[in-house]
Amino acid sequence: MGLHIYNNSDELIFAIADYFVAQAAKFIKSKSVFNVVLSGGNSPKALFKLLATYSYKNKVDWDKINFFFADERDVPKDDPENNGNMVKETLFDPLNISPSQIFAIDTSLSPEKSASAYTQTIQDHFDGKKLEFDLILLGLGDNSHTASLFPYTKILTEQSSSVKSVYLADKKKYRISMTASLINQAKNVAFLAYGHSKAAAVKHVLKDAFNPHEFPAQLIKPINGKLEWFIDKSAAAEIKN
């Protein structure tokens with residue numbers, strides 16, 4: 001596991017943007033395509049905005065990237081809370097990404113059908129090959145969740161490499177999420193977290209005893225891939241080396 005700690009969130013966002021550019025270049029050079037999975041939330045949002053700026057947009061061959069999503073809220077596609085809509089506004093539209101490259105989660109279906117359909121979409125894309133994304137970008141919630149792998153939810157014990165619906169009883173809402181098993185098949189997984197509000201979660205995931213029901217992000221351990229953590233000093237405040 002690689003742990004990268006930066007002085008502040010600005011340094012962090014530039015660093016993970018450079019990491020994204022490097023990973024894209026590597027896979028496009030080796031196989032002419034880059035299959036990447038994106039996440040929602042404020043931290044990834046800052047990254048997407050930076051990648052769409054003049055300084056970065058010409059560093060990537062965007063036409064050779066396929067975009068998928070780690071999870072989605074059960075809201076209409078044009079809802080401000082929809083992850084796909086957020087990425088559309090911050091990254092896809094500014095870069096004129098072709099719809100054929102965007103594999104969004106269809107929330108017009110029921111959560112269960114949406115999850116099943118997205119599993120099929122992923123399987124069709126890999127066409128019988130291993131469901132192995134080149135890079136999965138993940139955020140981290142204050143409660144140690146990642147994607148929509150929330151504490152004490154049924155999906156945490158799911159062994160299939162698939163997408164499942166998740167019911168959050170406290171919010172009385174559904175989400176759709178990749179399972180930990182699917183995420184762990186990726187060649188590269190990168191966490192992005194910054195700010196004091198993330199310090200406890202970072203400590204729980206990286207330093208505490210293995211208890212994924214309470215700290216779901218502990219489940220993310222790529223089988224044959226690489227795991228990288230990009231955090232700032234504030235988020236690293238409770239880590240003791």
# chains A, B, ... in the order shown; residues from 1 in each chain; ligands from 1
$ residues_around --residues "Phe230 in chain A" --least-positions-apart "3" --cutoff "7 Å" --atoms "only C-alpha atoms" --output "number ranges by chain"
A: 3-5, 12, 16, 191-193
$ write_last_selection --atoms "N, CA, C and O atoms" --output "mmCIF file, in the first residue's frame"
data_model
loop_
_atom_site.group_PDB
_atom_site.id
_atom_site.type_symbol
_atom_site.label_atom_id
_atom_site.label_comp_id
_atom_site.auth_asym_id
_atom_site.auth_seq_id
_atom_site.Cartn_x
_atom_site.Cartn_y
_atom_site.Cartn_z
ATOM 1 N N LEU A 3 1.088 5.238 0.837
ATOM 2 C CA LEU A 3 0.453 6.304 1.610
ATOM 3 C C LEU A 3 1.146 7.619 1.279
ATOM 4 O O LEU A 3 2.338 7.787 1.542
ATOM 5 N N HIS A 4 0.398 8.547 0.700
ATOM 6 C CA HIS A 4 0.953 9.824 0.257
ATOM 7 C C HIS A 4 0.281 10.948 1.043
ATOM 8 O O HIS A 4 -0.931 11.139 0.944
ATOM 9 N N ILE A 5 1.049 11.671 1.824
ATOM 10 C CA ILE A 5 0.516 12.732 2.684
ATOM 11 C C ILE A 5 1.030 14.087 2.213
ATOM 12 O O ILE A 5 2.239 14.279 2.046
ATOM 13 N N LEU A 12 -2.623 18.126 -2.552
ATOM 14 C CA LEU A 12 -3.178 16.786 -2.708
ATOM 15 C C LEU A 12 -3.911 16.628 -4.038
ATOM 16 O O LEU A 12 -3.700 15.642 -4.769
ATOM 17 N N ILE A 16 -2.939 13.974 -7.061
ATOM 18 C CA ILE A 16 -3.757 12.872 -7.565
ATOM 19 C C ILE A 16 -4.168 13.118 -9.021
ATOM 20 O O ILE A 16 -4.373 12.175 -9.783
ATOM 21 N N PHE A 191 -7.572 6.026 -2.972
ATOM 22 C CA PHE A 191 -8.441 6.768 -2.072
ATOM 23 C C PHE A 191 -8.010 8.237 -2.053
ATOM 24 O O PHE A 191 -6.818 8.547 -2.084
ATOM 25 N N LEU A 192 -8.982 9.106 -1.944
ATOM 26 C CA LEU A 192 -8.754 10.550 -1.858
ATOM 27 C C LEU A 192 -9.525 11.079 -0.656
ATOM 28 O O LEU A 192 -10.745 10.938 -0.579
ATOM 29 N N ALA A 193 -8.805 11.646 0.317
ATOM 30 C CA ALA A 193 -9.468 12.176 1.516
ATOM 31 C C ALA A 193 -8.658 13.328 2.080
ATOM 32 O O ALA A 193 -7.434 13.253 2.161
#
$ select_by_dssp --residues "range 6-241 of chain A" --states "strand (DSSP E)" --output "PyMOL selection string"
chain A and resi 6+34-38+65-69+71-73+135-138+163-168+173-178+188-193+226-232
$ closest_residue --among "A:Gln123, A:Ser108, A:Asn211, A:Asn188" --to "Asn224 in chain A" --atoms "only C-alpha atoms"
A:Asn188
$ closest_residue --among "A:Asp93, A:Asp18, A:Asp208, A:Glu132" --to "Lys59 in chain A" --atoms "only C-alpha atoms"
A:Asp18
$ closest_residue --among "A:Asn8, A:Thr107, A:Gln101, A:Ser165" --to "Asp79 in chain A" --atoms "only C-alpha atoms"
A:Thr107
$ closest_atom_pairs --of "range 97-186 of chain A" --to "range 60-68 of chain A" --cutoff "10 Å" --atoms "only C-alpha atoms" --output "Markdown table"
| residue | atom | partner | partner_atom | distance |
| --- | --- | --- | --- | --- |
| A:Ile97 | CA | A:Trp62 | CA | 7.2 |
| A:Ser98 | CA | A:Asp63 | CA | 7.7 |
| A:Pro99 | CA | A:Phe67 | CA | 9.8 |
| A:Ser100 | CA | A:Asn66 | CA | 8.3 |
| A:Gln101 | CA | A:Asn66 | CA | 4.7 |
| A:Ile102 | CA | A:Phe67 | CA | 5.0 |
| A:Phe103 | CA | A:Phe68 | CA | 5.0 |
| A:Ala104 | CA | A:Phe68 | CA | 6.3 |
| A:Ile105 | CA | A:Phe68 | CA | 8.3 |
| A:Tyr118 | CA | A:Phe68 | CA | 9.6 |
| A:Thr121 | CA | A:Phe68 | CA | 9.9 |
| A:Ile122 | CA | A:Phe68 | CA | 8.5 |
| A:His125 | CA | A:Asn66 | CA | 9.7 |
| A:Phe133 | CA | A:Phe68 | CA | 9.2 |
| A:Ile136 | CA | A:Phe68 | CA | 8.9 |
$ write_last_selection --atoms "N, CA, C and O atoms" --output "mmCIF file, in the first residue's frame"
data_model
loop_
_atom_site.group_PDB
_atom_site.id
_atom_site.type_symbol
_atom_site.label_atom_id
_atom_site.label_comp_id
_atom_site.auth_asym_id
_atom_site.auth_seq_id
_atom_site.Cartn_x
_atom_site.Cartn_y
_atom_site.Cartn_z
ATOM 1 N N ILE A 97 -16.815 14.941 -23.517
ATOM 2 C CA ILE A 97 -16.683 13.494 -23.552
ATOM 3 C C ILE A 97 -17.885 12.889 -24.279
ATOM 4 O O ILE A 97 -19.032 13.230 -24.006
ATOM 5 N N SER A 98 -17.627 11.964 -25.182
ATOM 6 C CA SER A 98 -18.693 11.321 -25.940
ATOM 7 C C SER A 98 -19.561 10.457 -25.027
ATOM 8 O O SER A 98 -19.040 9.732 -24.171
ATOM 9 N N PRO A 99 -20.876 10.504 -25.199
ATOM 10 C CA PRO A 99 -21.769 9.653 -24.397
ATOM 11 C C PRO A 99 -21.420 8.171 -24.511
ATOM 12 O O PRO A 99 -21.685 7.402 -23.579
ATOM 13 N N SER A 100 -20.819 7.769 -25.632
ATOM 14 C CA SER A 100 -20.458 6.367 -25.825
ATOM 15 C C SER A 100 -19.362 5.912 -24.869
ATOM 16 O O SER A 100 -19.149 4.707 -24.680
ATOM 17 N N GLN A 101 -18.671 6.858 -24.246
ATOM 18 C CA GLN A 101 -17.594 6.539 -23.318
ATOM 19 C C GLN A 101 -18.053 6.550 -21.859
ATOM 20 O O GLN A 101 -17.291 6.202 -20.964
ATOM 21 N N ILE A 102 -19.304 6.955 -21.646
ATOM 22 C CA ILE A 102 -19.823 7.133 -20.288
ATOM 23 C C ILE A 102 -20.809 6.016 -19.956
ATOM 24 O O ILE A 102 -21.838 5.862 -20.619
ATOM 25 N N PHE A 103 -20.502 5.251 -18.935
ATOM 26 C CA PHE A 103 -21.347 4.151 -18.517
ATOM 27 C C PHE A 103 -21.952 4.515 -17.158
ATOM 28 O O PHE A 103 -21.420 4.173 -16.102
ATOM 29 N N ALA A 104 -23.057 5.235 -17.216
ATOM 30 C CA ALA A 104 -23.710 5.715 -15.998
ATOM 31 C C ALA A 104 -24.668 4.661 -15.451
ATOM 32 O O ALA A 104 -25.104 3.755 -16.171
ATOM 33 N N ILE A 105 -24.992 4.776 -14.188
ATOM 34 C CA ILE A 105 -25.949 3.878 -13.539
ATOM 35 C C ILE A 105 -27.357 4.413 -13.793
ATOM 36 O O ILE A 105 -27.644 5.576 -13.519
ATOM 37 N N TYR A 118 -26.571 -2.676 -14.185
ATOM 38 C CA TYR A 118 -25.205 -2.152 -14.232
ATOM 39 C C TYR A 118 -24.187 -3.285 -14.172
ATOM 40 O O TYR A 118 -23.135 -3.210 -14.811
ATOM 41 N N THR A 121 -24.032 -4.411 -17.638
ATOM 42 C CA THR A 121 -23.292 -3.440 -18.458
ATOM 43 C C THR A 121 -21.785 -3.665 -18.327
ATOM 44 O O THR A 121 -21.046 -3.651 -19.325
ATOM 45 N N ILE A 122 -21.343 -3.872 -17.102
ATOM 46 C CA ILE A 122 -19.919 -4.098 -16.861
ATOM 47 C C ILE A 122 -19.469 -5.413 -17.488
ATOM 48 O O ILE A 122 -18.419 -5.499 -18.135
ATOM 49 N N HIS A 125 -19.193 -5.070 -21.178
ATOM 50 C CA HIS A 125 -18.038 -4.266 -21.562
ATOM 51 C C HIS A 125 -16.758 -5.109 -21.584
ATOM 52 O O HIS A 125 -15.941 -4.982 -22.503
ATOM 53 N N PHE A 133 -10.940 -3.382 -13.668
ATOM 54 C CA PHE A 133 -10.778 -1.981 -14.065
ATOM 55 C C PHE A 133 -9.321 -1.559 -13.889
ATOM 56 O O PHE A 133 -8.604 -2.060 -13.028
ATOM 57 N N ILE A 136 -9.703 2.569 -10.029
ATOM 58 C CA ILE A 136 -10.929 2.946 -9.329
ATOM 59 C C ILE A 136 -10.574 4.043 -8.335
ATOM 60 O O ILE A 136 -9.716 3.859 -7.469
#
$ select_by_dssp --residues "range 41-105 of chain A" --states "alpha helix (DSSP H)" --output "PyMOL selection string"
chain A and resi 42-51+54-57+83-87+93-95
$ write_last_selection --atoms "N, CA and C atoms" --output "PDB file, in the first residue's frame"
ATOM      1  N   ASN A  42     -17.481  15.546  -2.462  1.00  0.00           N
ATOM      2  CA  ASN A  42     -16.774  16.816  -2.652  1.00  0.00           C
ATOM      3  C   ASN A  42     -15.301  16.650  -2.993  1.00  0.00           C
ATOM      4  N   SER A  43     -14.647  15.637  -2.426  1.00  0.00           N
ATOM      5  CA  SER A  43     -13.222  15.453  -2.688  1.00  0.00           C
ATOM      6  C   SER A  43     -12.963  15.107  -4.157  1.00  0.00           C
ATOM      7  N   PRO A  44     -13.632  14.082  -4.710  1.00  0.00           N
ATOM      8  CA  PRO A  44     -13.445  13.787  -6.127  1.00  0.00           C
ATOM      9  C   PRO A  44     -13.884  14.948  -7.029  1.00  0.00           C
ATOM     10  N   LYS A  45     -14.894  15.692  -6.595  1.00  0.00           N
ATOM     11  CA  LYS A  45     -15.382  16.820  -7.386  1.00  0.00           C
ATOM     12  C   LYS A  45     -14.268  17.826  -7.649  1.00  0.00           C
ATOM     13  N   ALA A  46     -13.451  18.105  -6.640  1.00  0.00           N
ATOM     14  CA  ALA A  46     -12.337  19.034  -6.805  1.00  0.00           C
ATOM     15  C   ALA A  46     -11.336  18.496  -7.819  1.00  0.00           C
ATOM     16  N   LEU A  47     -11.118  17.189  -7.814  1.00  0.00           N
ATOM     17  CA  LEU A  47     -10.221  16.560  -8.782  1.00  0.00           C
ATOM     18  C   LEU A  47     -10.763  16.705 -10.197  1.00  0.00           C
ATOM     19  N   PHE A  48     -12.046  16.428 -10.380  1.00  0.00           N
ATOM     20  CA  PHE A  48     -12.632  16.507 -11.717  1.00  0.00           C
ATOM     21  C   PHE A  48     -12.546  17.928 -12.283  1.00  0.00           C
ATOM     22  N   LYS A  49     -12.789  18.899 -11.433  1.00  0.00           N
ATOM     23  CA  LYS A  49     -12.700  20.290 -11.879  1.00  0.00           C
ATOM     24  C   LYS A  49     -11.287  20.631 -12.348  1.00  0.00           C
ATOM     25  N   LEU A  50     -10.284  20.132 -11.623  1.00  0.00           N
ATOM     26  CA  LEU A  50      -8.901  20.404 -12.001  1.00  0.00           C
ATOM     27  C   LEU A  50      -8.547  19.712 -13.316  1.00  0.00           C
ATOM     28  N   LEU A  51      -8.975  18.466 -13.482  1.00  0.00           N
ATOM     29  CA  LEU A  51      -8.670  17.731 -14.711  1.00  0.00           C
ATOM     30  C   LEU A  51      -9.267  18.400 -15.944  1.00  0.00           C
ATOM     31  N   TYR A  54      -7.471  24.014 -18.324  1.00  0.00           N
ATOM     32  CA  TYR A  54      -6.554  24.091 -19.455  1.00  0.00           C
ATOM     33  C   TYR A  54      -5.222  23.411 -19.148  1.00  0.00           C
ATOM     34  N   SER A  55      -4.781  23.502 -17.914  1.00  0.00           N
ATOM     35  CA  SER A  55      -3.487  22.933 -17.524  1.00  0.00           C
ATOM     36  C   SER A  55      -3.448  21.414 -17.633  1.00  0.00           C
ATOM     37  N   TYR A  56      -4.611  20.774 -17.534  1.00  0.00           N
ATOM     38  CA  TYR A  56      -4.628  19.313 -17.529  1.00  0.00           C
ATOM     39  C   TYR A  56      -5.335  18.667 -18.708  1.00  0.00           C
ATOM     40  N   LYS A  57      -6.303  19.336 -19.283  1.00  0.00           N
ATOM     41  CA  LYS A  57      -7.123  18.647 -20.280  1.00  0.00           C
ATOM     42  C   LYS A  57      -6.339  18.188 -21.510  1.00  0.00           C
ATOM     43  N   ASN A  83     -24.467  11.337  -8.670  1.00  0.00           N
ATOM     44  CA  ASN A  83     -23.032  11.366  -8.936  1.00  0.00           C
ATOM     45  C   ASN A  83     -22.729  11.566 -10.412  1.00  0.00           C
ATOM     46  N   GLY A  84     -23.478  10.866 -11.256  1.00  0.00           N
ATOM     47  CA  GLY A  84     -23.260  10.992 -12.688  1.00  0.00           C
ATOM     48  C   GLY A  84     -23.494  12.406 -13.174  1.00  0.00           C
ATOM     49  N   ASN A  85     -24.509  13.059 -12.616  1.00  0.00           N
ATOM     50  CA  ASN A  85     -24.802  14.440 -12.992  1.00  0.00           C
ATOM     51  C   ASN A  85     -23.686  15.379 -12.558  1.00  0.00           C
ATOM     52  N   MET A  86     -23.142  15.145 -11.360  1.00  0.00           N
ATOM     53  CA  MET A  86     -22.042  15.974 -10.871  1.00  0.00           C
ATOM     54  C   MET A  86     -20.815  15.849 -11.763  1.00  0.00           C
ATOM     55  N   VAL A  87     -20.479  14.612 -12.135  1.00  0.00           N
ATOM     56  CA  VAL A  87     -19.308  14.407 -12.997  1.00  0.00           C
ATOM     57  C   VAL A  87     -19.572  14.962 -14.395  1.00  0.00           C
ATOM     58  N   ASP A  93     -18.914  17.390 -19.556  1.00  0.00           N
ATOM     59  CA  ASP A  93     -19.334  18.497 -20.425  1.00  0.00           C
ATOM     60  C   ASP A  93     -18.176  19.428 -20.776  1.00  0.00           C
ATOM     61  N   PRO A  94     -17.355  19.854 -19.792  1.00  0.00           N
ATOM     62  CA  PRO A  94     -16.227  20.726 -20.129  1.00  0.00           C
ATOM     63  C   PRO A  94     -15.245  20.101 -21.117  1.00  0.00           C
ATOM     64  N   LEU A  95     -15.115  18.772 -21.084  1.00  0.00           N
ATOM     65  CA  LEU A  95     -14.166  18.087 -21.962  1.00  0.00           C
ATOM     66  C   LEU A  95     -14.833  17.493 -23.202  1.00  0.00           C
TER      67      LEU A  95
END
$ atom_distance --atom1 "CA of Thr179 in chain A" --atom2 "CA of Ala147 in chain A"
8.8 Å
$ residues_around --residues "Leu131 in chain A" --least-positions-apart "5" --cutoff "8 Å" --atoms "only C-alpha atoms" --output "list in words"
Ile122, Gln123, Phe126, Ser161, Leu182, Gln185 and Ala186 of chain A
$ atom_distance --atom1 "CA of Thr119 in chain A" --atom2 "CA of Asp134 in chain A"
17.0 Å
$ residues_around --residues "Ala236 in chain A" --least-positions-apart "5" --cutoff "12 Å" --atoms "only C-alpha atoms" --output "PyMOL selection string"
chain A and resi 3-9+192-207+229-231+241
